[in-house]
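The structure under discussion appears below in the form of structure tokens.
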Amino acid sequence: MDSDLSEAVEALKEIFKRRKIDLALAKTPAPLVDELKKKFKIPPRYRAFLLSANPVRVETATPVEKIRLIPAEELEQAQAPREGGPEWKPSWVIVGESALLGDPYFLDVSKPDPEGDCPVYTAMSGQEKWVPTLAASSFAQFLRILAMGMEVATGFGDAIMDDEDEESFREAMTPKVKVIDAAALRAGHWT
């Protein structure tokens, strides 16, 4: 893994440890990653992530969202055709899902960047068509935002939140998302 991705993974591991939430990362066998590369054209940075830190059991916990990262062994099954009609693009590779709503988080492999990464989008499931919203400009930034969201959530405890609490949480995230990924902040998914 390059230093940017390695730092993002370490931040995620650290916040899981501090919050005492179970996390399991493992190495994925290279033949499986090669097969996924051929089938889904996954970019180099995401392949490096799977090879070194396959998310066997990773589910973030914030007052407004729980995101489960998909392990390499489940990636092919996760790509099964989605509801919502033909708007689902073959270049969208699901890498996570909302554990609360079932909304997918996906790489758009048609938009690689110079570092071998791709933007991460999400879209609401159960709608007539898929309308993607930018969640992060790259997979590494996506991991950083997830870690930061869990950090912000630490101050909110585990109590049931009302609308005002949810708004306060999102307001606390806003300046932090801006530092990590201004484009993601403008897209509005996290705020």
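Ligands are numbered from 1 in the order shown, residues from 1 within each chain, and chains are lettered A, B, ... in the order they appear in the structure tokens.
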Which residues of segment 41-90 of chain A have any atom within 10 Å of an atom in segment 138-152 of chain A when counting only C-alpha atoms, and what is the closest pair of atoms for each, with the distance in Å to one decimal? Order the rows by chain and rising number and write it as CSV.
```
residue,atom,partner,partner_atom,distance
A:Pro43,CA,A:Phe139,CA,9.9
A:Arg45,CA,A:Phe139,CA,7.9
A:Tyr46,CA,A:Phe139,CA,7.1
A:Phe49,CA,A:Ala140,CA,9.2
A:Glu59,CA,A:Leu146,CA,9.7
A:Thr60,CA,A:Met150,CA,6.8
A:Ala61,CA,A:Met150,CA,6.2
A:Thr62,CA,A:Met150,CA,5.7
A:Pro63,CA,A:Met150,CA,9.0
A:Val64,CA,A:Gly149,CA,9.7
A:Glu65,CA,A:Gly149,CA,9.3
A:Lys66,CA,A:Leu146,CA,9.6
A:Ile67,CA,A:Leu146,CA,8.3
A:Leu69,CA,A:Leu143,CA,9.9
```
Those residues with C-alpha atoms, as a compact mmCIF listing (two decimals), in the first residue's frame please?
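Wrote it out as out17.txt, contents follow:
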```txt
# COMPACT_ATOMS: atom_id res chain seq x y z
CA PRO A 43 -7.99 0.12 -9.67
CA ARG A 45 -5.05 1.34 -4.94
CA TYR A 46 -8.17 -0.70 -4.14
CA PHE A 49 -6.12 -2.42 -0.01
CA GLU A 59 -18.67 -1.85 10.05
CA THR A 60 -18.45 1.80 11.04
CA ALA A 61 -20.76 3.13 13.73
CA THR A 62 -21.98 6.72 13.84
CA PRO A 63 -25.29 8.14 15.03
CA VAL A 64 -26.52 8.64 11.47
CA GLU A 65 -24.99 5.75 9.49
CA LYS A 66 -23.36 2.34 9.71
CA ILE A 67 -21.25 1.40 6.71
CA LEU A 69 -17.10 -2.59 3.87
```
Within 9 Å of Gln79 of chain A using only C-alpha atoms, minus same-chain residues under 6 positions, as a PyMOL selection string: chain A and resi 92-94
Would you save the residues of that selection, restricted to N, CA and C atoms, as a compact mmCIF listing (two decimals), in the first residue's frame?
```
# COMPACT_ATOMS: atom_id res chain seq x y z
N TRP A 92 -19.52 0.72 -12.08
CA TRP A 92 -19.74 0.95 -10.65
C TRP A 92 -19.48 -0.35 -9.90
N VAL A 93 -18.48 -0.35 -9.03
CA VAL A 93 -18.09 -1.55 -8.29
C VAL A 93 -18.38 -1.30 -6.81
N ILE A 94 -19.33 -2.05 -6.29
CA ILE A 94 -19.74 -1.88 -4.90
C ILE A 94 -18.63 -2.36 -3.96
```
Straight-line distance linking atom CA of His189 of chain A with atom CA of Leu134 of chain A, stated in Å to one decimal: 7.0 Å
DSSP-assigned strand (DSSP E) among segment 3-186 of chain A, expressed as a PyMOL selection string: chain A and resi 24-26+54-57+67-69+92-98+104-108+120-122+133-136
Residues as selected, C-alpha atoms, written as a PDB file, in the first residue's frame, can you do that?
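As written to disk, part.pdb reads:
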```
ATOM      1  CA  ALA A  24     -10.984  -7.738  11.320  1.00  0.00           C
ATOM      2  CA  LEU A  25      -8.620  -7.063   8.421  1.00  0.00           C
ATOM      3  CA  ALA A  26      -6.720  -9.789   6.575  1.00  0.00           C
ATOM      4  CA  ASN A  54      -9.185  -7.039   3.252  1.00  0.00           C
ATOM      5  CA  PRO A  55     -12.186  -5.847   5.346  1.00  0.00           C
ATOM      6  CA  VAL A  56     -13.248  -9.232   6.694  1.00  0.00           C
ATOM      7  CA  ARG A  57     -15.323  -7.505   9.396  1.00  0.00           C
ATOM      8  CA  ILE A  67     -21.248   1.402   6.712  1.00  0.00           C
ATOM      9  CA  ARG A  68     -20.089  -2.160   6.161  1.00  0.00           C
ATOM     10  CA  LEU A  69     -17.105  -2.591   3.872  1.00  0.00           C
ATOM     11  CA  TRP A  92     -19.741   0.950 -10.652  1.00  0.00           C
ATOM     12  CA  VAL A  93     -18.093  -1.545  -8.288  1.00  0.00           C
ATOM     13  CA  ILE A  94     -19.743  -1.880  -4.896  1.00  0.00           C
ATOM     14  CA  VAL A  95     -17.202  -1.787  -2.043  1.00  0.00           C
ATOM     15  CA  GLY A  96     -19.535  -1.091   0.895  1.00  0.00           C
ATOM     16  CA  GLU A  97     -23.139  -0.760   1.918  1.00  0.00           C
ATOM     17  CA  SER A  98     -25.244   1.029   4.469  1.00  0.00           C
ATOM     18  CA  PRO A 104     -24.455   0.882  -1.906  1.00  0.00           C
ATOM     19  CA  TYR A 105     -21.095   2.673  -1.751  1.00  0.00           C
ATOM     20  CA  PHE A 106     -19.250   2.090  -4.993  1.00  0.00           C
ATOM     21  CA  LEU A 107     -16.114   2.948  -6.929  1.00  0.00           C
ATOM     22  CA  ASP A 108     -16.580   4.420 -10.386  1.00  0.00           C
ATOM     23  CA  VAL A 120     -16.542   6.607  -4.288  1.00  0.00           C
ATOM     24  CA  TYR A 121     -20.248   7.319  -4.768  1.00  0.00           C
ATOM     25  CA  THR A 122     -23.418   6.279  -3.031  1.00  0.00           C
ATOM     26  CA  THR A 133     -23.804  11.259  -5.013  1.00  0.00           C
ATOM     27  CA  LEU A 134     -20.080  11.692  -4.445  1.00  0.00           C
ATOM     28  CA  ALA A 135     -19.066  10.255  -1.059  1.00  0.00           C
ATOM     29  CA  ALA A 136     -15.298  10.748  -1.552  1.00  0.00           C
TER      30      ALA A 136
END
```
DSSP helix (DSSP H, G or I) selection over segment 16-78 of chain A, as a PyMOL selection string: chain A and resi 16-18+30-40+44-53+72-78
